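**Q** This is the structure, below, for whatever I ask next.
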Number of protein chains: 2
Amino acid sequence: MRSPESAARERAKEPGRRAGQLSRLEIQRAALRIVDLAGLAELTVRRLAQSLHVTPMAIYRYFPNKAALEATLVDLVVSDSAVTAHDTPELRLWLLHTFARMRHALCRHPGIMPLLGTASHSSGNALAIVEQVLGRMRSHGIGSGDATRLFYRATAFTLGSVVMMDSVSLAHFVKPRPVQDELRRQQRHGFAALPKTEFPQVVAASAALADCYSGKRFEQELLGVIDDALQAAPHS
Amino acid sequence: MRSPESAARERAKEPGRRAGQLSRLEIQRAALRIVDLAGLAELTVRRLAQSLHVTPMAIYRYFPNKAALEATLVDLVVSDSAVTAHDTPELRLWLLHTFARMRHALCRHPGIMPLLGTASHSSGNALAIVEQVLGRMRSHGIGSGDATRLFYRATAFTLGSVVMMDSVSLAHFVKPRPVQDELRRQQRHGFAALPKTEFPQVVAASAALADCYSGKRFEQELLGVIDDALQAAPHS
DNA sequence: ACCTGAACACCGTTCAAGT
DNA sequence: ACCTGAACACCGTTCAAGT
(Lines give C-alpha, C1' and ligand atoms only; values in the text may rest on other atoms or scores of the structure.)
Protein backbone atom coordinates (compact mmCIF):
# COMPACT_ATOMS: atom_id res chain seq x y z
CA MET A 1 0.00 0.00 0.00
CA ARG A 2 2.61 2.48 1.10
CA SER A 3 6.37 2.36 1.20
CA PRO A 4 7.86 1.74 4.66
CA GLU A 5 10.12 4.72 4.13
CA SER A 6 7.25 7.15 3.99
CA ALA A 7 5.66 5.46 6.99
CA ALA A 8 8.85 5.94 9.00
CA ARG A 9 9.08 9.53 7.90
CA GLU A 10 5.51 10.12 8.94
CA ARG A 11 6.17 8.61 12.36
CA ALA A 12 9.25 10.82 12.69
CA LYS A 13 7.12 13.85 12.01
CA GLU A 14 4.80 13.17 14.93
CA PRO A 15 5.45 15.54 17.83
CA GLY A 16 5.72 13.00 20.67
CA ARG A 17 7.69 10.43 18.68
CA ARG A 18 10.17 8.04 20.24
CA ALA A 19 13.89 8.41 19.61
CA GLY A 20 15.30 5.20 18.17
CA GLN A 21 14.51 1.76 19.52
CA LEU A 22 11.93 0.51 21.96
CA SER A 23 12.92 -0.77 25.41
CA ARG A 24 11.29 -2.61 28.27
CA LEU A 25 11.44 0.44 30.52
CA GLU A 26 10.01 2.73 27.86
CA ILE A 27 7.08 0.35 27.42
CA GLN A 28 6.55 0.08 31.19
CA ARG A 29 6.51 3.85 31.60
CA ALA A 30 4.00 4.26 28.81
CA ALA A 31 1.85 1.52 30.34
CA LEU A 32 1.92 3.12 33.79
CA ARG A 33 1.01 6.43 32.20
CA ILE A 34 -2.12 4.90 30.66
CA VAL A 35 -3.05 3.21 33.93
CA ASP A 36 -2.65 6.48 35.82
CA LEU A 37 -4.63 8.54 33.36
CA ALA A 38 -7.36 6.10 32.40
CA GLY A 39 -7.30 3.11 34.77
CA LEU A 40 -6.10 -0.46 34.49
CA ALA A 41 -9.07 -1.50 32.36
CA GLU A 42 -7.97 0.95 29.67
CA LEU A 43 -4.49 -0.53 29.47
CA THR A 44 -4.63 -2.31 26.16
CA VAL A 45 -1.83 -3.69 24.05
CA ARG A 46 -3.22 -1.86 21.07
CA ARG A 47 -3.64 1.45 22.87
CA LEU A 48 -0.22 1.10 24.47
CA ALA A 49 1.34 0.47 21.08
CA GLN A 50 -0.42 3.50 19.68
CA SER A 51 0.96 5.72 22.44
CA LEU A 52 4.44 4.49 21.49
CA HIS A 53 3.82 5.04 17.77
CA VAL A 54 4.34 1.40 17.10
CA THR A 55 2.44 -1.69 15.98
CA PRO A 56 0.78 -3.81 18.71
CA MET A 57 3.03 -6.75 17.97
CA ALA A 58 6.16 -4.71 18.67
CA ILE A 59 5.35 -5.00 22.39
CA TYR A 60 5.67 -8.78 22.21
CA ARG A 61 9.36 -8.48 21.33
CA TYR A 62 9.89 -7.27 24.94
CA PHE A 63 7.19 -9.05 26.95
CA PRO A 64 5.79 -12.54 26.37
CA ASN A 65 2.25 -11.30 27.03
CA LYS A 66 0.19 -8.55 28.62
CA ALA A 67 0.17 -10.17 32.06
CA ALA A 68 3.97 -10.22 32.18
CA LEU A 69 4.04 -6.52 31.41
CA GLU A 70 1.44 -5.73 34.07
CA ALA A 71 3.37 -7.73 36.64
CA THR A 72 6.34 -5.37 36.26
CA LEU A 73 4.28 -2.25 36.99
CA VAL A 74 4.13 -2.82 40.74
CA ASP A 75 7.88 -3.08 40.84
CA LEU A 76 8.20 0.09 38.79
CA VAL A 77 6.09 2.06 41.25
CA VAL A 78 7.96 0.54 44.18
CA SER A 79 11.35 1.51 42.83
CA ASP A 80 10.15 4.94 41.70
CA SER A 81 8.81 5.72 45.15
CA ALA A 82 12.19 5.15 46.85
CA VAL A 83 10.46 4.81 50.19
CA THR A 84 13.66 4.53 52.21
CA ALA A 85 15.46 7.40 50.47
CA HIS A 86 15.21 9.85 53.35
CA ASP A 87 17.26 10.39 56.47
CA THR A 88 15.30 10.57 59.68
CA PRO A 89 17.43 9.83 62.73
CA GLU A 90 14.71 8.79 65.15
CA LEU A 91 13.50 5.24 64.53
CA ARG A 92 9.76 5.73 65.03
CA LEU A 93 9.71 8.72 62.68
CA TRP A 94 11.90 6.89 60.16
CA LEU A 95 9.33 4.10 60.10
CA LEU A 96 6.47 6.60 59.89
CA HIS A 97 7.99 8.36 56.91
CA THR A 98 8.90 5.14 55.16
CA PHE A 99 5.40 3.68 55.32
CA ALA A 100 3.80 7.05 54.61
CA ARG A 101 5.86 7.23 51.42
CA MET A 102 4.74 3.75 50.51
CA ARG A 103 1.11 4.71 50.90
CA HIS A 104 1.63 7.93 49.01
CA ALA A 105 3.15 6.06 46.06
CA LEU A 106 0.25 3.60 45.95
CA CYS A 107 -2.34 6.37 46.18
CA ARG A 108 -0.76 8.15 43.25
CA HIS A 109 -1.06 5.00 41.16
CA PRO A 110 -4.38 3.55 42.31
CA GLY A 111 -4.74 1.57 39.10
CA ILE A 112 -2.04 -0.88 40.12
CA MET A 113 -3.76 -1.92 43.35
CA PRO A 114 -5.36 -4.96 41.69
CA LEU A 115 -1.87 -6.08 40.65
CA LEU A 116 -0.54 -6.16 44.22
CA GLY A 117 -1.56 -9.77 44.66
CA THR A 118 0.83 -10.76 41.89
CA ALA A 119 4.51 -11.40 42.41
CA SER A 120 4.60 -9.13 45.46
CA HIS A 121 7.65 -10.15 47.42
CA SER A 122 9.22 -12.07 44.59
CA SER A 123 10.25 -8.76 43.07
CA GLY A 124 13.73 -7.53 43.90
CA ASN A 125 12.82 -3.95 44.68
CA ALA A 126 10.13 -4.90 47.18
CA LEU A 127 12.52 -7.32 48.88
CA ALA A 128 15.13 -4.58 49.17
CA ILE A 129 12.63 -2.50 51.12
CA VAL A 130 11.88 -5.36 53.49
CA GLU A 131 15.61 -5.79 54.00
CA GLN A 132 16.19 -2.12 54.77
CA VAL A 133 13.24 -1.78 57.14
CA LEU A 134 14.24 -4.88 59.09
CA GLY A 135 17.89 -3.79 59.12
CA ARG A 136 17.07 -0.34 60.41
CA MET A 137 15.14 -1.80 63.33
CA ARG A 138 17.84 -4.36 64.14
CA SER A 139 20.48 -1.63 64.17
CA HIS A 140 18.41 0.16 66.80
CA GLY A 141 18.59 -2.91 69.02
CA ILE A 142 15.25 -4.48 68.21
CA GLY A 143 15.17 -8.27 68.15
CA SER A 144 14.42 -10.20 64.97
CA GLY A 145 11.02 -11.40 66.14
CA ASP A 146 9.86 -7.96 67.24
CA ALA A 147 11.16 -6.39 64.03
CA THR A 148 9.26 -8.88 61.88
CA ARG A 149 6.12 -8.33 63.93
CA LEU A 150 6.25 -4.55 63.56
CA PHE A 151 6.96 -4.89 59.85
CA TYR A 152 3.92 -7.13 59.43
CA ARG A 153 1.58 -4.85 61.34
CA ALA A 154 2.72 -1.65 59.68
CA THR A 155 2.74 -3.12 56.17
CA ALA A 156 -0.69 -4.70 56.48
CA PHE A 157 -2.11 -1.51 58.00
CA THR A 158 -0.65 0.58 55.20
CA LEU A 159 -1.89 -1.63 52.37
CA GLY A 160 -5.28 -2.03 54.03
CA SER A 161 -5.72 1.69 54.46
CA VAL A 162 -5.23 2.16 50.72
CA VAL A 163 -7.80 -0.55 50.00
CA MET A 164 -10.22 1.16 52.39
CA MET A 165 -10.02 4.42 50.49
CA ASP A 166 -12.84 4.07 48.04
CA SER A 167 -12.22 4.46 44.37
CA VAL A 168 -13.59 7.99 44.40
CA SER A 169 -10.99 9.22 46.86
CA LEU A 170 -8.24 7.27 45.11
CA ALA A 171 -9.06 8.46 41.63
CA HIS A 172 -8.85 12.05 42.77
CA PHE A 173 -5.80 11.65 44.97
CA VAL A 174 -3.64 13.69 42.66
CA LYS A 175 -6.23 16.43 42.36
CA PRO A 176 -5.70 19.73 44.13
CA ARG A 177 -6.46 20.12 47.81
CA PRO A 178 -9.79 21.94 47.41
CA VAL A 179 -11.13 18.97 45.47
CA GLN A 180 -9.92 16.58 48.16
CA ASP A 181 -11.65 18.58 50.85
CA GLU A 182 -14.80 18.62 48.78
CA LEU A 183 -14.67 14.84 48.42
CA ARG A 184 -14.15 14.39 52.15
CA ARG A 185 -17.13 16.59 52.81
CA GLN A 186 -19.24 14.50 50.45
CA GLN A 187 -18.07 11.37 52.22
CA ARG A 188 -18.98 12.71 55.64
CA HIS A 189 -22.34 13.70 54.31
CA GLY A 190 -22.68 10.19 52.87
CA PHE A 191 -22.29 8.68 56.33
CA ALA A 192 -24.25 11.42 58.04
CA ALA A 193 -27.16 11.14 55.63
CA LEU A 194 -27.88 7.52 56.54
CA PRO A 195 -31.09 6.65 58.40
CA LYS A 196 -30.25 7.38 62.03
CA THR A 197 -32.53 4.64 63.32
CA GLU A 198 -30.81 1.93 61.30
CA PHE A 199 -27.20 3.12 61.62
CA PRO A 200 -27.01 5.20 64.80
CA GLN A 201 -23.33 4.51 65.49
CA VAL A 202 -22.25 5.20 61.92
CA VAL A 203 -24.15 8.48 61.85
CA ALA A 204 -22.76 9.51 65.24
CA ALA A 205 -19.18 8.80 64.11
CA SER A 206 -19.69 10.00 60.54
CA ALA A 207 -17.01 12.68 60.65
CA ALA A 208 -14.36 10.38 62.14
CA LEU A 209 -15.27 7.55 59.77
CA ALA A 210 -15.00 9.86 56.78
CA ASP A 211 -11.52 10.83 57.96
CA CYS A 212 -10.54 7.16 58.12
CA TYR A 213 -11.92 6.21 54.71
CA SER A 214 -10.47 9.31 53.07
CA GLY A 215 -7.02 8.60 54.52
CA LYS A 216 -6.79 11.80 56.52
CA ARG A 217 -6.05 9.96 59.75
CA PHE A 218 -3.60 7.50 58.23
CA GLU A 219 -0.33 8.92 59.56
CA GLN A 220 -1.74 9.52 63.00
CA GLU A 221 -2.93 5.92 63.34
CA LEU A 222 0.18 4.49 61.69
CA LEU A 223 2.28 6.22 64.33
CA GLY A 224 0.04 4.63 66.94
CA VAL A 225 0.60 1.20 65.43
CA ILE A 226 4.37 1.79 65.37
CA ASP A 227 4.53 3.09 68.93
CA ASP A 228 2.43 0.24 70.27
CA ALA A 229 4.74 -2.28 68.64
CA LEU A 230 7.91 -0.46 69.74
CA GLN A 231 6.65 -0.25 73.30
CA ALA A 232 6.39 -4.03 73.43
CA ALA A 233 9.90 -4.40 72.00
CA PRO A 234 12.90 -3.41 74.12
CA HIS A 235 15.26 -1.20 72.14
CA SER A 236 17.78 1.60 72.53
CA MET B 1 -32.86 -22.72 11.71
CA ARG B 2 -34.52 -24.49 14.59
CA SER B 3 -37.87 -24.02 16.30
CA PRO B 4 -37.74 -22.27 19.70
CA GLU B 5 -39.75 -25.13 21.15
CA SER B 6 -37.09 -27.68 20.46
CA ALA B 7 -34.43 -25.30 21.79
CA ALA B 8 -36.32 -24.93 25.06
CA ARG B 9 -36.75 -28.68 25.30
CA GLU B 10 -33.06 -29.16 24.73
CA ARG B 11 -32.24 -26.68 27.48
CA ALA B 12 -34.66 -28.44 29.81
CA LYS B 13 -32.90 -31.72 29.14
CA GLU B 14 -29.55 -30.40 30.35
CA PRO B 15 -28.61 -31.75 33.78
CA GLY B 16 -27.68 -28.49 35.52
CA ARG B 17 -30.52 -26.49 34.00
CA ARG B 18 -32.21 -23.56 35.74
CA ALA B 19 -35.77 -23.85 37.02
CA GLY B 20 -37.94 -21.13 35.52
CA GLN B 21 -36.88 -17.50 35.31
CA LEU B 22 -33.59 -15.78 35.84
CA SER B 23 -32.99 -13.52 38.82
CA ARG B 24 -30.37 -11.04 39.95
CA LEU B 25 -29.26 -13.32 42.78
CA GLU B 26 -29.03 -16.36 40.54
CA ILE B 27 -26.81 -14.43 38.15
CA GLN B 28 -24.65 -13.13 40.99
CA ARG B 29 -24.15 -16.62 42.41
CA ALA B 30 -23.17 -17.97 39.02
CA ALA B 31 -20.77 -15.07 38.54
CA LEU B 32 -19.14 -15.61 41.93
CA ARG B 33 -18.81 -19.29 41.11
CA ILE B 34 -16.86 -18.48 37.96
CA VAL B 35 -14.66 -15.99 39.81
CA ASP B 36 -13.92 -18.56 42.52
CA LEU B 37 -13.15 -21.37 40.10
CA ALA B 38 -11.33 -19.49 37.36
CA GLY B 39 -10.52 -15.96 38.54
CA LEU B 40 -11.97 -12.54 37.85
CA ALA B 41 -10.39 -12.35 34.39
CA GLU B 42 -12.43 -15.38 33.32
CA LEU B 43 -15.70 -13.76 34.33
CA THR B 44 -17.22 -13.01 30.98
CA VAL B 45 -20.77 -12.13 30.10
CA ARG B 46 -20.77 -14.81 27.45
CA ARG B 47 -19.33 -17.49 29.72
CA LEU B 48 -21.66 -16.46 32.53
CA ALA B 49 -24.64 -16.73 30.22
CA GLN B 50 -23.48 -20.13 29.07
CA SER B 51 -23.28 -21.40 32.68
CA LEU B 52 -26.89 -20.25 33.13
CA HIS B 53 -28.01 -21.88 29.86
CA VAL B 54 -29.04 -18.55 28.52
CA THR B 55 -28.10 -16.05 25.81
CA PRO B 56 -25.53 -13.34 26.76
CA MET B 57 -28.08 -10.58 26.32
CA ALA B 58 -30.38 -12.12 28.93
CA ILE B 59 -27.98 -10.84 31.60
CA TYR B 60 -28.62 -7.26 30.53
CA ARG B 61 -32.25 -7.53 31.56
CA TYR B 62 -31.00 -7.64 35.19
CA PHE B 63 -27.82 -5.55 35.14
CA PRO B 64 -27.10 -2.46 33.03
CA ASN B 65 -23.56 -3.70 32.32
CA LYS B 66 -20.82 -6.03 33.47
CA ALA B 67 -19.33 -3.50 35.91
CA ALA B 68 -22.65 -3.16 37.74
CA LEU B 69 -22.80 -6.92 38.16
CA GLU B 70 -19.22 -7.11 39.44
CA ALA B 71 -19.90 -4.33 41.93
CA THR B 72 -22.53 -6.49 43.64
CA LEU B 73 -20.16 -9.42 44.20
CA VAL B 74 -18.35 -7.82 47.14
CA ASP B 75 -21.65 -7.29 48.87
CA LEU B 76 -22.64 -10.89 48.17
CA VAL B 77 -19.51 -12.22 49.84
CA VAL B 78 -19.92 -9.80 52.73
CA SER B 79 -23.49 -10.87 53.42
CA ASP B 80 -22.69 -14.56 52.90
CA SER B 81 -19.87 -14.42 55.42
CA ALA B 82 -22.12 -13.16 58.24
CA VAL B 83 -19.08 -12.00 60.15
CA THR B 84 -21.03 -10.93 63.25
CA ALA B 85 -23.21 -14.04 63.41
CA HIS B 86 -21.49 -15.55 66.44
CA ASP B 87 -21.83 -15.04 70.15
CA THR B 88 -18.62 -14.43 72.01
CA PRO B 89 -19.16 -12.69 75.34
CA GLU B 90 -15.71 -11.21 75.84
CA LEU B 91 -15.18 -8.08 73.74
CA ARG B 92 -11.62 -8.67 72.59
CA LEU B 93 -12.43 -12.19 71.45
CA TRP B 94 -15.65 -11.01 69.81
CA LEU B 95 -13.60 -8.56 67.77
CA LEU B 96 -10.99 -11.20 67.01
CA HIS B 97 -13.58 -13.65 65.71
CA THR B 98 -15.41 -10.99 63.71
CA PHE B 99 -12.34 -9.80 61.83
CA ALA B 100 -11.00 -13.34 61.47
CA ARG B 101 -14.28 -14.29 59.78
CA MET B 102 -13.95 -11.29 57.50
CA ARG B 103 -10.48 -12.34 56.45
CA HIS B 104 -11.59 -15.93 56.00
CA ALA B 105 -14.40 -14.88 53.68
CA LEU B 106 -12.07 -12.76 51.57
CA CYS B 107 -9.46 -15.50 51.36
CA ARG B 108 -12.06 -17.94 50.12
CA HIS B 109 -12.99 -15.54 47.32
CA PRO B 110 -9.61 -14.05 46.37
CA GLY B 111 -10.91 -13.09 42.94
CA ILE B 112 -13.03 -10.28 44.33
CA MET B 113 -10.10 -8.49 45.98
CA PRO B 114 -9.66 -6.16 42.97
CA LEU B 115 -13.30 -5.15 43.38
CA LEU B 116 -12.86 -3.96 46.97
CA GLY B 117 -12.02 -0.45 45.85
CA THR B 118 -15.48 -0.14 44.33
CA ALA B 119 -18.53 0.89 46.28
CA SER B 120 -17.09 -0.44 49.53
CA HIS B 121 -18.98 1.34 52.27
CA SER B 122 -21.81 2.44 50.05
CA SER B 123 -23.16 -1.08 50.20
CA GLY B 124 -25.76 -1.75 52.84
CA ASN B 125 -24.34 -5.03 54.10
CA ALA B 126 -20.88 -3.60 54.70
CA LEU B 127 -22.39 -0.64 56.53
CA ALA B 128 -24.37 -2.99 58.76
CA ILE B 129 -21.11 -4.60 59.85
CA VAL B 130 -19.57 -1.22 60.67
CA GLU B 131 -22.67 -0.40 62.69
CA GLN B 132 -22.56 -3.65 64.65
CA VAL B 133 -18.84 -3.51 65.39
CA LEU B 134 -19.06 0.07 66.61
CA GLY B 135 -22.20 -0.68 68.60
CA ARG B 136 -20.62 -3.65 70.31
CA MET B 137 -17.70 -1.57 71.45
CA ARG B 138 -19.90 1.30 72.63
CA SER B 139 -22.02 -1.13 74.66
CA HIS B 140 -18.85 -2.21 76.43
CA GLY B 141 -18.22 1.35 77.52
CA ILE B 142 -15.75 2.40 74.85
CA GLY B 143 -15.98 5.99 73.66
CA SER B 144 -16.90 6.87 70.11
CA GLY B 145 -13.44 8.10 69.19
CA ASP B 146 -11.67 5.05 70.56
CA ALA B 147 -14.17 2.73 68.91
CA THR B 148 -13.65 4.35 65.51
CA ARG B 149 -9.89 4.20 65.94
CA LEU B 150 -9.92 0.49 66.79
CA PHE B 151 -12.28 -0.21 63.90
CA TYR B 152 -9.94 1.60 61.51
CA ARG B 153 -6.81 -0.17 62.70
CA ALA B 154 -8.36 -3.64 62.74
CA THR B 155 -10.09 -3.25 59.37
CA ALA B 156 -7.01 -1.90 57.62
CA PHE B 157 -4.83 -4.60 59.15
CA THR B 158 -7.26 -7.31 58.07
CA LEU B 159 -7.61 -6.09 54.49
CA GLY B 160 -3.89 -5.48 54.22
CA SER B 161 -3.03 -8.94 55.45
CA VAL B 162 -5.13 -10.42 52.65
CA VAL B 163 -3.38 -8.21 50.10
CA MET B 164 -0.02 -9.33 51.48
CA MET B 165 -0.82 -12.97 50.90
CA ASP B 166 0.56 -13.62 47.47
CA SER B 167 -1.64 -15.02 44.78
CA VAL B 168 -0.21 -18.50 45.23
CA SER B 169 -1.30 -18.72 48.85
CA LEU B 170 -4.66 -17.17 48.05
CA ALA B 171 -5.43 -19.36 45.08
CA HIS B 172 -4.86 -22.43 47.17
CA PHE B 173 -6.59 -21.18 50.29
CA VAL B 174 -9.44 -23.60 49.94
CA LYS B 175 -7.12 -26.50 49.34
CA PRO B 176 -6.58 -29.10 52.09
CA ARG B 177 -4.20 -28.40 54.94
CA PRO B 178 -1.30 -30.55 53.69
CA VAL B 179 -1.18 -28.43 50.53
CA GLN B 180 -1.17 -25.25 52.62
CA ASP B 181 1.74 -26.51 54.70
CA GLU B 182 3.59 -27.41 51.53
CA LEU B 183 3.06 -23.90 50.17
CA ARG B 184 4.28 -22.35 53.38
CA ARG B 185 7.38 -24.48 53.23
CA GLN B 186 8.03 -23.35 49.67
CA GLN B 187 7.57 -19.76 50.76
CA ARG B 188 10.06 -20.09 53.59
CA HIS B 189 12.49 -21.66 51.20
CA GLY B 190 11.87 -18.76 48.83
CA PHE B 191 13.02 -16.27 51.47
CA ALA B 192 15.74 -18.53 52.79
CA ALA B 193 17.18 -19.17 49.34
CA LEU B 194 17.98 -15.51 48.72
CA PRO B 195 21.60 -14.37 48.57
CA LYS B 196 22.58 -13.96 52.21
CA THR B 197 25.00 -11.12 51.45
CA GLU B 198 22.34 -9.00 49.77
CA PHE B 199 19.37 -9.80 52.03
CA PRO B 200 20.83 -10.84 55.40
CA GLN B 201 17.83 -9.72 57.46
CA VAL B 202 15.28 -11.33 55.17
CA VAL B 203 17.17 -14.62 55.17
CA ALA B 204 17.56 -14.52 58.95
CA ALA B 205 13.83 -13.91 59.44
CA SER B 206 12.72 -16.13 56.55
CA ALA B 207 10.60 -18.47 58.65
CA ALA B 208 8.77 -15.65 60.45
CA LEU B 209 8.27 -13.69 57.22
CA ALA B 210 6.84 -16.74 55.50
CA ASP B 211 4.35 -17.09 58.36
CA CYS B 212 3.31 -13.46 57.88
CA TYR B 213 2.90 -13.64 54.10
CA SER B 214 1.08 -16.97 54.29
CA GLY B 215 -1.35 -15.62 56.87
CA LYS B 216 -0.41 -18.09 59.61
CA ARG B 217 0.28 -15.34 62.13
CA PHE B 218 -2.76 -13.26 61.25
CA GLU B 219 -4.95 -14.01 64.26
CA GLN B 220 -2.08 -13.68 66.70
CA GLU B 221 -1.13 -10.24 65.41
CA LEU B 222 -4.74 -9.14 65.03
CA LEU B 223 -5.27 -9.86 68.70
CA GLY B 224 -2.20 -7.76 69.43
CA VAL B 225 -3.65 -4.88 67.43
CA ILE B 226 -6.96 -5.19 69.27
CA ASP B 227 -5.38 -5.40 72.72
CA ASP B 228 -3.11 -2.42 72.06
CA ALA B 229 -6.09 -0.33 71.03
CA LEU B 230 -8.25 -1.53 73.94
CA GLN B 231 -5.48 -0.80 76.41
CA ALA B 232 -5.47 2.84 75.30
CA ALA B 233 -9.26 3.01 75.60
CA PRO B 234 -10.88 2.92 79.04
CA HIS B 235 -13.73 0.39 79.10
CA SER B 236 -15.55 -1.99 81.37
C1' DA C 1 -41.89 -8.94 30.47
C1' DC C 2 -38.33 -11.75 29.24
C1' DC C 3 -35.33 -13.70 26.06
C1' DT C 4 -33.03 -14.42 21.31
C1' DG C 5 -29.98 -13.39 17.19
C1' DA C 6 -27.33 -10.73 14.30
C1' DA C 7 -24.16 -7.13 14.14
C1' DC C 8 -20.37 -3.60 15.59
C1' DA C 9 -16.29 -2.13 17.41
C1' DC C 10 -13.23 -3.74 20.07
C1' DC C 11 -9.73 -7.31 22.54
C1' DG C 12 -4.97 -10.52 23.09
C1' DT C 13 -2.26 -13.26 20.49
C1' DT C 14 -0.31 -16.44 16.43
C1' DC C 15 2.02 -16.67 12.29
C1' DA C 16 4.34 -15.32 8.30
C1' DA C 17 6.67 -11.73 6.28
C1' DG C 18 9.54 -7.65 5.69
C1' DT C 19 14.13 -4.90 6.44
C1' DA D 1 17.29 -8.11 15.57
C1' DC D 2 13.38 -5.53 15.39
C1' DC D 3 9.13 -4.35 13.55
C1' DT D 4 4.86 -4.86 10.40
C1' DG D 5 0.33 -6.77 8.60
C1' DA D 6 -3.15 -9.92 8.16
C1' DA D 7 -5.78 -13.19 10.51
C1' DC D 8 -8.22 -15.89 14.46
C1' DA D 9 -10.91 -16.49 18.30
C1' DC D 10 -12.53 -13.98 21.47
C1' DC D 11 -14.75 -9.62 24.16
C1' DG D 12 -18.93 -6.05 25.88
C1' DT D 13 -22.74 -3.99 24.16
C1' DT D 14 -26.57 -1.97 20.78
C1' DC D 15 -30.52 -2.76 18.28
C1' DA D 16 -34.28 -5.03 16.34
C1' DA D 17 -37.02 -8.88 16.75
C1' DG D 18 -39.53 -12.76 18.71
C1' DT D 19 -43.04 -14.86 22.24
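Naming works like this for the C-alpha coordinates: A, B, ... for the chains as they're shown, residue 1 at the start of each chain, ligands 1 onward in shown order.
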At most 8 Å is the cut-off: for each residue in chain A with any atom that close to an atom of chain D, write down the nearest atom pair and the distance in Å rounded to one decimal, counting only C-alpha atoms (C1' of nucleotides), chain first then increasing number, as JSON lines.
**A**
```
{"residue": "A:Thr55", "atom": "CA", "partner": "D:DT4", "partner_atom": "C1'", "distance": 6.9}
{"residue": "A:Met57", "atom": "CA", "partner": "D:DC3", "partner_atom": "C1'", "distance": 7.9}
{"residue": "A:Ala58", "atom": "CA", "partner": "D:DC3", "partner_atom": "C1'", "distance": 5.9}
{"residue": "A:Arg61", "atom": "CA", "partner": "D:DC2", "partner_atom": "C1'", "distance": 7.8}
```
**Q** Using only C-alpha atoms, select each residue of chain B with any atom at most 7 Å away from an atom of chain A, and give the selection as JSON, numbers by chain.
**A** {"B": [114, 116, 117, 118, 119, 120, 131, 134, 135, 144, 148, 152, 153, 156, 157, 158, 159, 160, 161, 163, 164, 166, 167, 199, 201, 202, 205, 208, 209, 212, 228]}
**Q** Would you list, as a PyMOL selection string, the residues of stretch 15-220 of chain B that end up in helix (DSSP H, G or I) under DSSP run on this structure's backbone?
**A** chain B and resi 24-38+40-42+45-51+56-59+66-81+91-108+110-115+124-139+144-164+167-171+177-192+200-204+206-214+218-220
**Q** In Å, rounded to a single decimal, give me how far atom CA of B:Leu223 is from atom CA of A:Gly143.
**A** 20.5 Å
**Q** What does the structure give for the distance between atom CA of A:Ala193 and atom CA of A:Asp211, in Å to one decimal?
**A**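 Atom-to-atom, atom CA of A:Ala193 to atom CA of A:Asp211, that is 15.8 Å.
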**Q** Take atom CA of A:Asn125 and atom CA of A:Leu48 and report the distance between them in Å, one decimal.
**A**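 About the pair atom CA of A:Asn125 and atom CA of A:Leu48: they are 24.6 Å apart.
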